[in-house]
file target15.tsv (TSV, C-alpha atoms)
chain	number	residue	atom	x	y	z
A	1	MET	CA	-29.53	-10.39	-55.26
A	2	ALA	CA	-32.40	-11.63	-53.11
A	3	ALA	CA	-31.99	-15.08	-51.63
A	4	ALA	CA	-33.98	-17.83	-53.34
A	5	THR	CA	-36.92	-19.13	-51.35
A	6	ALA	CA	-37.82	-22.80	-51.23
A	7	GLU	CA	-41.19	-23.66	-52.71
A	8	ALA	CA	-43.57	-25.82	-50.71
A	9	THR	CA	-43.96	-29.35	-52.01
A	10	PRO	CA	-47.30	-29.52	-53.82
A	11	PRO	CA	-49.78	-32.06	-52.46
A	12	PRO	CA	-50.29	-35.23	-54.52
A	13	PRO	CA	-53.13	-35.08	-57.04
A	14	ARG	CA	-56.52	-35.92	-55.62
A	15	ARG	CA	-57.46	-39.57	-56.17
A	16	ASP	CA	-61.11	-40.31	-55.43
A	17	ALA	CA	-61.97	-43.95	-56.08
A	18	VAL	CA	-65.03	-44.77	-58.17
A	19	THR	CA	-65.74	-48.32	-57.09
A	20	ARG	CA	-68.30	-50.48	-55.28
A	21	LEU	CA	-69.05	-50.44	-51.56
A	22	PRO	CA	-69.35	-54.02	-50.25
A	23	GLY	CA	-71.56	-55.52	-47.55
A	24	ILE	CA	-74.12	-52.73	-47.11
A	25	PHE	CA	-77.86	-53.26	-46.58
A	26	SER	CA	-80.62	-51.74	-48.70
A	27	ARG	CA	-82.95	-49.08	-47.29
A	28	GLU	CA	-85.75	-51.69	-47.19
A	29	SER	CA	-83.79	-54.10	-44.97
A	30	LYS	CA	-84.71	-54.81	-41.39
A	31	SER	CA	-82.89	-52.92	-38.65
A	32	ARG	CA	-81.97	-56.06	-36.71
A	33	TYR	CA	-80.78	-59.58	-37.53
A	34	ASP	CA	-80.34	-62.26	-34.84
A	35	LEU	CA	-77.65	-64.80	-35.75
A	36	ASP	CA	-77.79	-67.19	-32.80
A	37	PHE	CA	-75.40	-70.10	-33.30
A	38	GLU	CA	-75.25	-71.29	-29.71
A	39	TRP	CA	-76.68	-74.64	-30.84
A	40	ILE	CA	-73.50	-75.14	-32.90
A	41	VAL	CA	-70.71	-73.54	-30.89
A	42	SER	CA	-71.69	-73.90	-27.23
A	43	GLY	CA	-70.12	-76.70	-25.24
A	44	ASP	CA	-72.60	-76.22	-22.40
A	45	LEU	CA	-75.72	-77.73	-24.03
A	46	THR	CA	-77.07	-81.23	-23.47
A	47	LEU	CA	-78.09	-83.23	-26.53
A	48	ARG	CA	-81.76	-82.47	-25.89
A	49	GLN	CA	-81.07	-78.74	-25.51
A	50	ARG	CA	-79.02	-78.74	-28.70
A	51	LEU	CA	-81.81	-80.42	-30.66
A	52	LEU	CA	-84.40	-77.96	-29.33
A	53	GLU	CA	-82.18	-74.97	-30.17
A	54	THR	CA	-81.58	-76.38	-33.65
A	55	LEU	CA	-85.35	-76.64	-34.27
A	56	ARG	CA	-85.88	-73.15	-32.95
A	57	PHE	CA	-83.19	-71.79	-35.30
A	58	PHE	CA	-84.75	-73.34	-38.41
A	59	LEU	CA	-88.43	-72.85	-37.53
A	60	TYR	CA	-88.57	-69.43	-35.83
A	61	GLY	CA	-86.72	-67.07	-38.14
A	62	GLY	CA	-83.07	-67.69	-37.23
A	63	PHE	CA	-82.25	-69.43	-40.49
A	64	LEU	CA	-84.01	-66.74	-42.55
A	65	ASP	CA	-82.10	-63.98	-40.72
A	66	PHE	CA	-78.88	-65.89	-41.37
A	67	LEU	CA	-79.59	-66.23	-45.09
A	68	GLN	CA	-80.63	-62.61	-45.55
A	69	ALA	CA	-77.70	-61.16	-43.58
A	70	THR	CA	-75.15	-63.46	-45.24
A	71	CYS	CA	-76.38	-62.58	-48.73
A	72	VAL	CA	-75.88	-58.88	-47.96
A	73	LEU	CA	-72.64	-59.04	-45.99
A	74	TYR	CA	-70.88	-61.36	-48.44
A	75	GLY	CA	-72.69	-60.76	-51.70
A	76	ARG	CA	-74.19	-57.27	-51.99
A	77	SER	CA	-72.41	-54.10	-53.09
A	78	ILE	CA	-73.43	-50.71	-54.45
A	79	PRO	CA	-71.72	-48.15	-56.71
A	80	ALA	CA	-69.90	-45.52	-54.68
A	81	THR	CA	-67.23	-42.84	-54.78
A	82	ILE	CA	-64.69	-43.13	-51.96
A	83	TYR	CA	-63.18	-39.68	-51.42
A	84	ASP	CA	-59.49	-38.90	-50.92
A	85	ALA	CA	-58.88	-38.29	-47.19
A	86	ARG	CA	-55.41	-36.88	-47.86
A	87	ALA	CA	-57.07	-34.17	-49.94
A	88	LEU	CA	-59.64	-33.58	-47.19
A	89	GLU	CA	-56.88	-33.08	-44.62
A	90	ALA	CA	-55.10	-30.62	-46.94
A	91	GLU	CA	-58.32	-28.68	-47.63
A	92	GLU	CA	-59.31	-28.34	-43.97
A	93	GLY	CA	-55.83	-27.41	-42.75
A	94	LEU	CA	-56.42	-28.82	-39.27
A	95	SER	CA	-53.82	-30.30	-36.98
A	96	LYS	CA	-53.75	-34.09	-36.76
A	97	ALA	CA	-55.37	-33.90	-33.31
A	98	GLU	CA	-58.09	-31.55	-34.55
A	99	PHE	CA	-58.81	-33.69	-37.61
A	100	PHE	CA	-59.10	-36.83	-35.47
A	101	GLU	CA	-61.42	-35.03	-33.04
A	102	LYS	CA	-63.67	-33.89	-35.89
A	103	HIS	CA	-63.76	-37.00	-38.10
A	104	GLY	CA	-62.72	-39.89	-35.83
A	105	PHE	CA	-59.87	-40.99	-38.11
A	106	VAL	CA	-56.47	-39.64	-39.17
A	107	ILE	CA	-53.26	-40.84	-40.82
A	108	LEU	CA	-49.84	-40.46	-39.20
A	109	ASP	CA	-46.26	-41.17	-40.19
A	110	HIS	CA	-44.95	-44.02	-38.07
A	111	GLN	CA	-41.82	-45.96	-38.93
A	112	VAL	CA	-41.33	-49.20	-36.99
A	113	ASP	CA	-38.61	-51.85	-36.88
A	114	MET	CA	-40.87	-54.87	-37.39
A	115	GLU	CA	-40.22	-57.72	-39.80
A	116	ALA	CA	-42.83	-60.00	-41.39
A	117	SER	CA	-42.14	-62.69	-38.78
A	118	ASP	CA	-42.72	-60.18	-35.96
A	119	TRP	CA	-46.21	-59.33	-37.20
A	120	GLU	CA	-47.01	-63.01	-37.75
A	121	GLU	CA	-45.79	-63.96	-34.26
A	122	SER	CA	-47.97	-61.22	-32.76
A	123	ASP	CA	-51.15	-62.34	-34.55
A	124	ARG	CA	-54.15	-63.60	-32.59
A	125	ASP	CA	-55.47	-67.13	-33.08
A	126	VAL	CA	-59.19	-66.30	-33.06
A	127	ASN	CA	-60.25	-69.90	-33.78
A	128	LYS	CA	-58.33	-71.12	-30.73
A	129	LEU	CA	-59.87	-68.34	-28.62
A	130	LEU	CA	-63.42	-69.22	-29.70
A	131	LYS	CA	-62.87	-72.91	-29.02
A	132	ALA	CA	-61.69	-72.13	-25.50
A	133	TYR	CA	-64.56	-69.67	-24.96
A	134	ASN	CA	-67.23	-72.14	-26.05
A	135	ASN	CA	-65.82	-74.89	-23.80
A	136	ARG	CA	-65.57	-72.90	-20.58
A	137	THR	CA	-67.75	-75.40	-18.70
A	138	ALA	CA	-65.29	-78.22	-19.34
A	139	ASP	CA	-62.30	-76.51	-17.72
A	140	GLY	CA	-63.91	-73.70	-15.73
A	141	GLY	CA	-62.69	-71.15	-18.27
A	142	GLU	CA	-58.99	-71.79	-17.59
A	143	ALA	CA	-57.93	-72.05	-21.25
A	144	TYR	CA	-59.91	-68.93	-22.19
A	145	ARG	CA	-58.40	-66.90	-19.33
A	146	LYS	CA	-54.91	-68.02	-20.35
A	147	ILE	CA	-55.48	-66.88	-23.95
A	148	MET	CA	-56.86	-63.51	-22.86
A	149	ASN	CA	-53.95	-63.01	-20.46
A	150	ASP	CA	-51.55	-63.70	-23.33
A	151	PHE	CA	-53.47	-61.20	-25.50
A	152	ARG	CA	-52.83	-58.50	-22.92
A	153	HIS	CA	-49.45	-59.48	-21.40
A	154	GLY	CA	-47.80	-62.00	-23.77
A	155	ASP	CA	-44.13	-61.77	-24.66
A	156	THR	CA	-44.52	-60.74	-28.33
A	157	PRO	CA	-42.61	-58.53	-30.79
A	158	VAL	CA	-45.56	-56.13	-30.83
A	159	ARG	CA	-45.30	-55.68	-27.07
A	160	GLU	CA	-41.53	-55.27	-27.24
A	161	LYS	CA	-41.12	-53.13	-30.38
A	162	TYR	CA	-44.47	-51.51	-31.16
A	163	ALA	CA	-46.57	-50.78	-28.08
A	164	GLY	CA	-44.33	-48.05	-26.65
A	165	SER	CA	-44.21	-45.99	-29.83
A	166	VAL	CA	-47.96	-46.44	-30.28
A	167	GLU	CA	-48.56	-44.87	-26.87
A	168	SER	CA	-46.51	-41.81	-27.86
A	169	LEU	CA	-48.34	-41.61	-31.17
A	170	LEU	CA	-51.77	-41.73	-29.53
A	171	ARG	CA	-50.85	-38.97	-27.08
A	172	SER	CA	-50.02	-36.75	-30.05
A	173	VAL	CA	-53.63	-36.93	-31.30
A	174	LEU	CA	-55.31	-37.36	-27.88
A	175	PRO	CA	-53.38	-35.08	-25.51
A	176	ARG	CA	-56.13	-35.44	-22.89
A	177	ALA	CA	-55.48	-39.20	-22.57
A	178	LYS	CA	-54.79	-40.20	-18.96
A	179	LYS	CA	-54.01	-43.87	-19.52
A	180	ILE	CA	-53.28	-45.88	-22.66
A	181	MET	CA	-53.61	-49.67	-22.55
A	182	PRO	CA	-51.93	-51.36	-25.53
A	183	PRO	CA	-52.21	-55.17	-25.78
A	184	ALA	CA	-49.55	-57.68	-26.78
A	185	ARG	CA	-51.37	-58.91	-29.89
A	186	GLY	CA	-53.43	-57.71	-32.83
A	187	ILE	CA	-55.03	-59.13	-35.95
A	188	ARG	CA	-52.93	-59.80	-39.04
A	189	ARG	CA	-54.73	-60.06	-42.37
A	190	PHE	CA	-53.33	-61.37	-45.62
A	191	PRO	CA	-54.36	-62.67	-49.09
A	192	THR	CA	-56.55	-65.72	-48.46
A	193	ILE	CA	-60.01	-67.09	-49.18
A	194	ASN	CA	-60.59	-67.38	-45.41
A	195	PRO	CA	-63.02	-64.52	-44.62
A	196	ASN	CA	-61.77	-64.38	-41.01
A	197	LYS	CA	-58.21	-63.56	-42.06
A	198	GLY	CA	-58.58	-61.82	-45.41
A	199	PRO	CA	-59.56	-58.15	-45.81
A	200	ALA	CA	-62.99	-57.58	-44.21
A	201	GLN	CA	-65.28	-56.48	-47.03
A	202	GLN	CA	-68.43	-55.35	-45.22
A	203	VAL	CA	-69.34	-51.86	-44.03
A	204	HIS	CA	-69.42	-52.36	-40.27
A	205	ASN	CA	-68.38	-51.38	-36.80
A	206	ASP	CA	-67.23	-54.29	-34.63
A	207	TYR	CA	-69.09	-53.17	-31.50
A	208	GLY	CA	-72.56	-51.98	-30.54
A	209	LEU	CA	-73.46	-48.62	-29.06
A	210	VAL	CA	-74.53	-49.74	-25.56
A	211	PHE	CA	-71.61	-49.93	-23.14
A	212	GLU	CA	-73.06	-52.77	-21.06
A	213	ASP	CA	-73.58	-54.97	-24.14
A	214	VAL	CA	-70.07	-54.25	-25.39
A	215	VAL	CA	-68.51	-55.14	-22.02
A	216	ASN	CA	-70.57	-58.23	-21.21
A	217	ARG	CA	-71.10	-59.84	-24.59
A	218	ASN	CA	-67.83	-59.60	-26.51
A	219	PRO	CA	-65.46	-62.54	-25.98
A	220	PHE	CA	-62.65	-61.17	-28.18
A	221	PHE	CA	-61.47	-58.24	-26.03
A	222	ASP	CA	-60.88	-57.84	-22.28
A	223	PHE	CA	-63.43	-55.08	-21.84
A	224	ASP	CA	-64.22	-56.20	-18.28
A	225	ALA	CA	-60.66	-55.46	-17.11
A	226	GLN	CA	-60.59	-52.13	-18.95
A	227	VAL	CA	-63.92	-51.07	-17.48
A	228	ALA	CA	-62.55	-51.86	-14.02
A	229	GLU	CA	-59.70	-49.43	-14.79
A	230	TYR	CA	-62.24	-46.89	-16.08
A	231	GLU	CA	-64.27	-47.06	-12.88
A	232	GLU	CA	-61.28	-47.08	-10.55
A	233	ALA	CA	-59.84	-43.98	-12.22
A	234	GLN	CA	-63.30	-42.34	-12.48
A	235	ALA	CA	-62.27	-41.29	-15.98
A	236	GLU	CA	-64.70	-39.17	-17.99
A	237	GLU	CA	-64.22	-41.14	-21.21
A	238	TYR	CA	-63.39	-44.65	-22.37
A	239	MET	CA	-62.27	-44.95	-25.97
A	240	LEU	CA	-61.22	-47.92	-28.09
A	241	VAL	CA	-59.18	-47.02	-31.14
A	242	ASN	CA	-57.79	-49.18	-33.93
A	243	LEU	CA	-54.39	-48.60	-35.50
A	244	TRP	CA	-54.44	-50.04	-39.03
A	245	ARG	CA	-51.47	-50.29	-41.34
A	246	PRO	CA	-50.00	-52.29	-44.24
A	247	VAL	CA	-47.07	-54.41	-43.04
A	248	ARG	CA	-44.32	-56.71	-44.24
A	249	PRO	CA	-43.91	-59.07	-46.08
A	250	MET	CA	-45.18	-56.35	-48.43
A	251	SER	CA	-42.05	-55.09	-50.14
A	252	GLY	CA	-42.52	-51.39	-49.56
A	253	ASP	CA	-41.44	-50.76	-53.16
A	254	GLU	CA	-44.99	-49.80	-54.12
A	255	PRO	CA	-47.91	-48.35	-52.14
A	256	CYS	CA	-50.78	-50.43	-50.78
A	257	ARG	CA	-53.46	-50.61	-53.48
A	258	SER	CA	-54.90	-54.02	-52.69
A	259	TYR	CA	-58.11	-53.67	-50.70
A	260	PRO	CA	-57.36	-50.43	-48.81
A	261	LEU	CA	-59.58	-49.47	-45.89
A	262	CYS	CA	-62.16	-46.68	-46.11
A	263	PHE	CA	-63.93	-44.81	-43.32
A	264	LEU	CA	-67.36	-43.23	-42.99
A	265	ASP	CA	-67.62	-39.60	-41.93
A	266	ALA	CA	-69.95	-39.98	-38.93
A	267	SER	CA	-71.51	-36.55	-39.54
A	268	THR	CA	-73.13	-37.99	-42.70
A	269	LEU	CA	-75.07	-40.68	-40.80
A	270	ASP	CA	-78.81	-40.66	-40.18
A	271	GLY	CA	-80.37	-42.26	-37.10
A	272	ASP	CA	-82.20	-44.92	-39.11
A	273	ASP	CA	-79.10	-46.08	-41.05
A	274	PHE	CA	-78.09	-48.67	-38.46
A	275	VAL	CA	-78.52	-52.43	-38.73
A	276	THR	CA	-77.84	-54.43	-35.57
A	277	VAL	CA	-76.31	-57.87	-36.15
A	278	ASP	CA	-76.65	-59.78	-32.88
A	279	SER	CA	-74.56	-62.96	-32.68
A	280	ALA	CA	-75.61	-63.84	-29.11
A	281	SER	CA	-72.57	-64.77	-27.00
A	282	LEU	CA	-70.25	-63.71	-29.82
A	283	GLY	CA	-71.32	-60.10	-29.44
A	284	ILE	CA	-73.10	-57.34	-31.33
A	285	ALA	CA	-71.84	-55.61	-34.46
A	286	ILE	CA	-73.45	-52.73	-36.32
A	287	SER	CA	-73.86	-52.64	-40.09
A	288	LEU	CA	-75.42	-49.92	-42.24
A	289	LYS	CA	-78.21	-49.32	-44.68
A	290	GLU	CA	-77.21	-47.46	-47.82
A	291	ASN	CA	-77.91	-43.73	-47.82
A	292	PRO	CA	-76.80	-41.25	-50.52
A	293	LYS	CA	-75.90	-38.76	-47.77
A	294	GLN	CA	-73.12	-41.03	-46.46
A	295	GLY	CA	-69.56	-39.91	-47.22
A	296	PHE	CA	-66.72	-42.44	-47.26
A	297	TYR	CA	-63.01	-41.55	-47.28
A	298	TYR	CA	-59.72	-43.43	-47.68
A	299	TYR	CA	-56.01	-42.69	-47.73
A	300	PRO	CA	-54.71	-43.62	-51.18
A	301	ASP	CA	-51.34	-45.28	-51.61
A	302	MET	CA	-50.49	-45.94	-47.96
A	303	THR	CA	-46.91	-47.02	-47.26
A	304	LEU	CA	-45.38	-49.29	-44.63
A	305	ASN	CA	-44.39	-46.16	-42.70
A	306	GLU	CA	-47.94	-44.88	-42.22
A	307	VAL	CA	-50.74	-45.85	-39.85
A	308	VAL	CA	-54.41	-44.83	-39.67
A	309	ILE	CA	-55.96	-44.35	-36.24
A	310	PHE	CA	-59.75	-44.59	-36.07
A	311	LYS	CA	-62.36	-44.77	-33.31
A	312	GLN	CA	-64.24	-48.01	-32.75
A	313	PHE	CA	-65.97	-47.19	-29.47
A	314	HIS	CA	-66.31	-43.99	-27.42
A	315	GLN	CA	-68.23	-43.84	-24.15
A	316	VAL	CA	-68.56	-40.61	-22.19
A	317	ARG	CA	-69.60	-40.99	-18.56
A	318	LYS	CA	-73.28	-40.26	-17.86
A	319	GLU	CA	-74.19	-40.45	-21.57
A	320	LYS	CA	-76.74	-43.20	-22.30
A	321	THR	CA	-75.21	-44.50	-25.52
A	322	ALA	CA	-71.76	-44.39	-27.03
A	323	ARG	CA	-70.73	-41.62	-29.35
A	324	MET	CA	-70.63	-42.36	-33.04
A	325	PRO	CA	-67.92	-44.85	-34.07
A	326	VAL	CA	-66.17	-44.93	-37.42
A	327	PHE	CA	-67.74	-47.48	-39.78
A	328	HIS	CA	-65.24	-48.97	-42.19
A	329	THR	CA	-64.62	-51.60	-44.85
A	330	ALA	CA	-61.98	-52.80	-47.27
A	331	PHE	CA	-62.83	-52.15	-50.93
A	332	LYS	CA	-61.43	-52.73	-54.40
A	333	ASP	CA	-59.18	-49.86	-55.46
A	334	PRO	CA	-59.89	-49.31	-59.18
A	335	VAL	CA	-56.19	-48.72	-59.94
A	336	ALA	CA	-55.26	-52.21	-58.69
A	337	ASN	CA	-54.62	-54.93	-61.25
A	338	LYS	CA	-53.28	-58.48	-61.48
A	339	THR	CA	-49.73	-57.29	-60.78
A	340	THR	CA	-50.67	-55.35	-57.63
A	341	GLU	CA	-48.99	-56.67	-54.51
A	342	GLY	CA	-51.39	-58.46	-52.15
A	343	ARG	CA	-52.30	-56.72	-48.91
A	344	TYR	CA	-50.78	-57.74	-45.60
A	345	SER	CA	-52.06	-55.58	-42.76
A	346	PHE	CA	-52.18	-55.39	-38.98
A	347	GLU	CA	-54.95	-53.97	-36.82
A	348	TYR	CA	-54.16	-53.10	-33.25
A	349	ARG	CA	-56.96	-52.20	-30.84
A	350	VAL	CA	-55.98	-49.99	-27.90
A	351	GLY	CA	-58.11	-48.86	-24.94
A	352	ILE	CA	-57.75	-45.27	-23.70
A	353	LEU	CA	-58.97	-43.50	-20.57
A	354	CYS	CA	-59.50	-39.71	-20.81

call {"tool": "encode", "arguments": {"input": "target15.tsv", "output": "structure tokens"}}
result
Amino acid sequence: MAAATAEATPPPPRRDAVTRLPGIFSRESKSRYDLDFEWIVSGDLTLRQRLLETLRFFLYGGFLDFLQATCVLYGRSIPATIYDARALEAEEGLSKAEFFEKHGFVILDHQVDMEASDWEESDRDVNKLLKAYNNRTADGGEAYRKIMNDFRHGDTPVREKYAGSVESLLRSVLPRAKKIMPPARGIRRFPTINPNKGPAQQVHNDYGLVFEDVVNRNPFFDFDAQVAEYEEAQAEEYMLVNLWRPVRPMSGDEPCRSYPLCFLDASTLDGDDFVTVDSASLGIAISLKENPKQGFYYYPDMTLNEVVIFKQFHQVRKEKTARMPVFHTAFKDPVANKTTEGRYSFEYRVGILC
């Protein structure tokens, strides 16, 4: 009698999400919005300078830009179908490294020994960072430098328990990586009405496409130190990737269906889809205008033992602008209901030299 052969486990049924895509501009929107709040946040202005900057903001278009951009980013959404990225991976049959190279995002199995308190202890205090950044004149930047040093080198559970395995994981999808630079902290998000800590519901990329602007005008990441490494090594590429995952205190008894993250296939972008949102000393972000050609994907029913890696910035030496990043947003999964467990997640940005 012939030996029985094991049958391959069938893939899960495809689950495209018919939902709404939040925080995306109309085709008629401007391609640039200047949101200059130096008159509020800067500690370097005299009273006279602050008054003049306040008048300029209200009289010369700043307030109008603020109103228009805010209405879109926090109030506008459009009907959309978010396609199943697990199904896309199965259909294309590529390796994880090949899929990441083609699309800029991929999901990986990654079990970690991190409790809820570990993720919370490794969270960044962005409000404290901004306060220190905007008061650099008062102390010569000492408080800001201390916070950024802790971001990179602090004694945290993420540094102790997570960073090492992340480096191995990244080498599996980027075998050409020469140096991987994981920080000690990331950003923890959770159910809250605070837009800075809840799921980010705007289609966006956190950085611009011009390397010099990214390095010199973003106070949240130590790009200057990483660029020094890039130049010293004469690496061909600098890449910033984000590792995003649901985390405890989610129970793990059910998959993450509360505000999952979706990702735009960069090959479906047109050159005139971009909207630059310039926040002066707080950096440049890029949003998008709606376009029916755009294709968004997500990984349904992620577990605590999975992580998505996606590109946020990719500069190749001698190329004028960065290569296309992966735009992303949280969205409402239509299968979620009042009993669905709230999303706790952690995003971990890692610089890579290739």

call {"tool": "residues_around", "arguments": {"input": "target15.tsv", "residues": "segment 166-180 of chain A", "least_positions_apart": "6", "cutoff": "9 Å", "atoms": "all atoms listed in the file", "output": "short mmCIF file (atom, residue, chain, number, x, y, z; two decimals) with C-alpha atoms, keeping the file's coordinate frame"}}
result
data_model
loop_
_atom_site.label_atom_id
_atom_site.label_comp_id
_atom_site.auth_asym_id
_atom_site.auth_seq_id
_atom_site.Cartn_x
_atom_site.Cartn_y
_atom_site.Cartn_z
CA SER A 95 -53.82 -30.30 -36.98
CA LYS A 96 -53.75 -34.09 -36.76
CA ALA A 97 -55.37 -33.90 -33.31
CA GLU A 98 -58.09 -31.55 -34.55
CA PHE A 99 -58.81 -33.69 -37.61
CA PHE A 100 -59.10 -36.83 -35.47
CA GLU A 101 -61.42 -35.03 -33.04
CA VAL A 106 -56.47 -39.64 -39.17
CA LEU A 108 -49.84 -40.46 -39.20
CA HIS A 110 -44.95 -44.02 -38.07
CA ALA A 235 -62.27 -41.29 -15.98
CA LEU A 243 -54.39 -48.60 -35.50
CA ILE A 309 -55.96 -44.35 -36.24
CA VAL A 350 -55.98 -49.99 -27.90
CA GLY A 351 -58.11 -48.86 -24.94
CA ILE A 352 -57.75 -45.27 -23.70
CA LEU A 353 -58.97 -43.50 -20.57
CA CYS A 354 -59.50 -39.71 -20.81
#

call {"tool": "closest_residue", "arguments": {"input": "target15.tsv", "among": "A:Ala17, A:Leu130, A:Ala200, A:Met181", "to": "Tyr74 of chain A", "atoms": "all atoms listed in the file"}}
result
A:Ala200

call {"tool": "closest_residue", "arguments": {"input": "target15.tsv", "among": "A:Lys102, A:Arg56, A:Arg245, A:Arg86", "to": "Val307 of chain A", "atoms": "all atoms listed in the file"}}
result
A:Arg245

call {"tool": "residues_around", "arguments": {"input": "target15.tsv", "residues": "Asn218 of chain A", "least_positions_apart": "4", "cutoff": "9 Å", "atoms": "all atoms listed in the file", "output": "compact mmCIF listing (two decimals) with C-alpha atoms, in the frame of the given file"}}
result
# COMPACT_ATOMS: atom_id res chain seq x y z
CA TYR A 207 -69.09 -53.17 -31.50
CA ASP A 213 -73.58 -54.97 -24.14
CA VAL A 214 -70.07 -54.25 -25.39
CA ASP A 222 -60.88 -57.84 -22.28
CA PHE A 223 -63.43 -55.08 -21.84
CA SER A 281 -72.57 -64.77 -27.00
CA LEU A 282 -70.25 -63.71 -29.82
CA GLY A 283 -71.32 -60.10 -29.44
CA ILE A 284 -73.10 -57.34 -31.33

call {"tool": "residues_near_point", "arguments": {"input": "target15.tsv", "point": "(-59.3, -55.8, -19.0)", "cutoff": "10 Å", "atoms": "all atoms listed in the file", "output": "CSV table (one decimal) with C-alpha atoms, keeping the file's coordinate frame"}}
result
chain,number,residue,atom,x,y,z
A,148,MET,CA,-56.9,-63.5,-22.9
A,149,ASN,CA,-54.0,-63.0,-20.5
A,152,ARG,CA,-52.8,-58.5,-22.9
A,181,MET,CA,-53.6,-49.7,-22.6
A,183,PRO,CA,-52.2,-55.2,-25.8
A,215,VAL,CA,-68.5,-55.1,-22.0
A,221,PHE,CA,-61.5,-58.2,-26.0
A,222,ASP,CA,-60.9,-57.8,-22.3
A,223,PHE,CA,-63.4,-55.1,-21.8
A,224,ASP,CA,-64.2,-56.2,-18.3
A,225,ALA,CA,-60.7,-55.5,-17.1
A,226,GLN,CA,-60.6,-52.1,-19.0
A,227,VAL,CA,-63.9,-51.1,-17.5
A,228,ALA,CA,-62.6,-51.9,-14.0
A,229,GLU,CA,-59.7,-49.4,-14.8
A,230,TYR,CA,-62.2,-46.9,-16.1
A,351,GLY,CA,-58.1,-48.9,-24.9

call {"tool": "closest_residue", "arguments": {"input": "target15.tsv", "among": "A:Phe310, A:Trp244, A:Tyr259, A:Tyr299", "to": "Lys332 of chain A", "atoms": "only C-alpha atoms"}}
result
A:Tyr259

call {"tool": "closest_residue", "arguments": {"input": "target15.tsv", "among": "A:Tyr83, A:Phe211, A:Phe346, A:Tyr133", "to": "Lys318 of chain A", "atoms": "only C-alpha atoms"}}
result
A:Phe211

call {"tool": "residues_near_point", "arguments": {"input": "target15.tsv", "point": "(-54.2, -51.3, -52.4)", "cutoff": "8 Å", "atoms": "all atoms listed in the file", "output": "list in words"}}
result
Pro255, Cys256, Arg257, Ser258, Tyr259, Pro260, Pro300, Asp301, Met302, Lys332, Asp333, Ala336, Thr340, Glu341, Gly342 and Arg343 of chain A

call {"tool": "write_last_selection", "arguments": {"input": "target15.tsv", "atoms": "C-alpha atoms", "output": "PDB file, in the coordinates of the input"}}
result
ATOM      1  CA  PRO A 255     -47.910 -48.350 -52.140  1.00  0.00           C
ATOM      2  CA  CYS A 256     -50.780 -50.430 -50.780  1.00  0.00           C
ATOM      3  CA  ARG A 257     -53.460 -50.610 -53.480  1.00  0.00           C
ATOM      4  CA  SER A 258     -54.900 -54.020 -52.690  1.00  0.00           C
ATOM      5  CA  TYR A 259     -58.110 -53.670 -50.700  1.00  0.00           C
ATOM      6  CA  PRO A 260     -57.360 -50.430 -48.810  1.00  0.00           C
ATOM      7  CA  PRO A 300     -54.710 -43.620 -51.180  1.00  0.00           C
ATOM      8  CA  ASP A 301     -51.340 -45.280 -51.610  1.00  0.00           C
ATOM      9  CA  MET A 302     -50.490 -45.940 -47.960  1.00  0.00           C
ATOM     10  CA  LYS A 332     -61.430 -52.730 -54.400  1.00  0.00           C
ATOM     11  CA  ASP A 333     -59.180 -49.860 -55.460  1.00  0.00           C
ATOM     12  CA  ALA A 336     -55.260 -52.210 -58.690  1.00  0.00           C
ATOM     13  CA  THR A 340     -50.670 -55.350 -57.630  1.00  0.00           C
ATOM     14  CA  GLU A 341     -48.990 -56.670 -54.510  1.00  0.00           C
ATOM     15  CA  GLY A 342     -51.390 -58.460 -52.150  1.00  0.00           C
ATOM     16  CA  ARG A 343     -52.300 -56.720 -48.910  1.00  0.00           C
TER      17      ARG A 343
END

call {"tool": "closest_residue", "arguments": {"input": "target15.tsv", "among": "A:Pro219, A:Gly208, A:Pro249, A:Gly198", "to": "Gly141 of chain A", "atoms": "all atoms listed in the file"}}
result
A:Pro219

call {"tool": "atom_distance", "arguments": {"input": "target15.tsv", "atom1": "atom CA of Gly164 of chain A", "atom2": "atom CA of Leu94 of chain A"}}
result
26.0 Å

call {"tool": "atom_distance", "arguments": {"input": "target15.tsv", "atom1": "atom CA of Glu142 of chain A", "atom2": "atom CA of Gly186 of chain A"}}
result
21.5 Å

call {"tool": "decode", "arguments": {"input": "target15.tsv", "residues": "segment 331-351 of chain A", "atoms": "C-alpha atoms", "output": "mmCIF file, in the first residue's frame"}}
result
data_model
loop_
_atom_site.group_PDB
_atom_site.id
_atom_site.type_symbol
_atom_site.label_atom_id
_atom_site.label_comp_id
_atom_site.auth_asym_id
_atom_site.auth_seq_id
_atom_site.Cartn_x
_atom_site.Cartn_y
_atom_site.Cartn_z
ATOM 1 C CA PHE A 331 -8.264 52.147 9.148
ATOM 2 C CA LYS A 332 -11.501 50.691 10.463
ATOM 3 C CA ASP A 333 -11.679 46.953 9.796
ATOM 4 C CA PRO A 334 -15.323 46.247 8.855
ATOM 5 C CA VAL A 335 -15.353 42.990 10.861
ATOM 6 C CA ALA A 336 -14.561 44.852 14.105
ATOM 7 C CA ASN A 337 -17.406 45.531 16.522
ATOM 8 C CA LYS A 338 -17.999 46.783 20.063
ATOM 9 C CA THR A 339 -16.528 43.594 21.548
ATOM 10 C CA THR A 340 -13.300 43.765 19.519
ATOM 11 C CA GLU A 341 -10.207 44.122 21.670
ATOM 12 C CA GLY A 342 -8.608 47.580 21.454
ATOM 13 C CA ARG A 343 -5.325 47.883 19.588
ATOM 14 C CA TYR A 344 -2.029 48.208 21.415
ATOM 15 C CA SER A 345 0.884 48.415 18.995
ATOM 16 C CA PHE A 346 4.569 49.266 18.831
ATOM 17 C CA GLU A 347 6.446 50.879 15.967
ATOM 18 C CA TYR A 348 10.199 50.580 15.894
ATOM 19 C CA ARG A 349 12.230 52.609 13.400
ATOM 20 C CA VAL A 350 15.616 51.160 12.443
ATOM 21 C CA GLY A 351 18.327 52.687 10.230
#
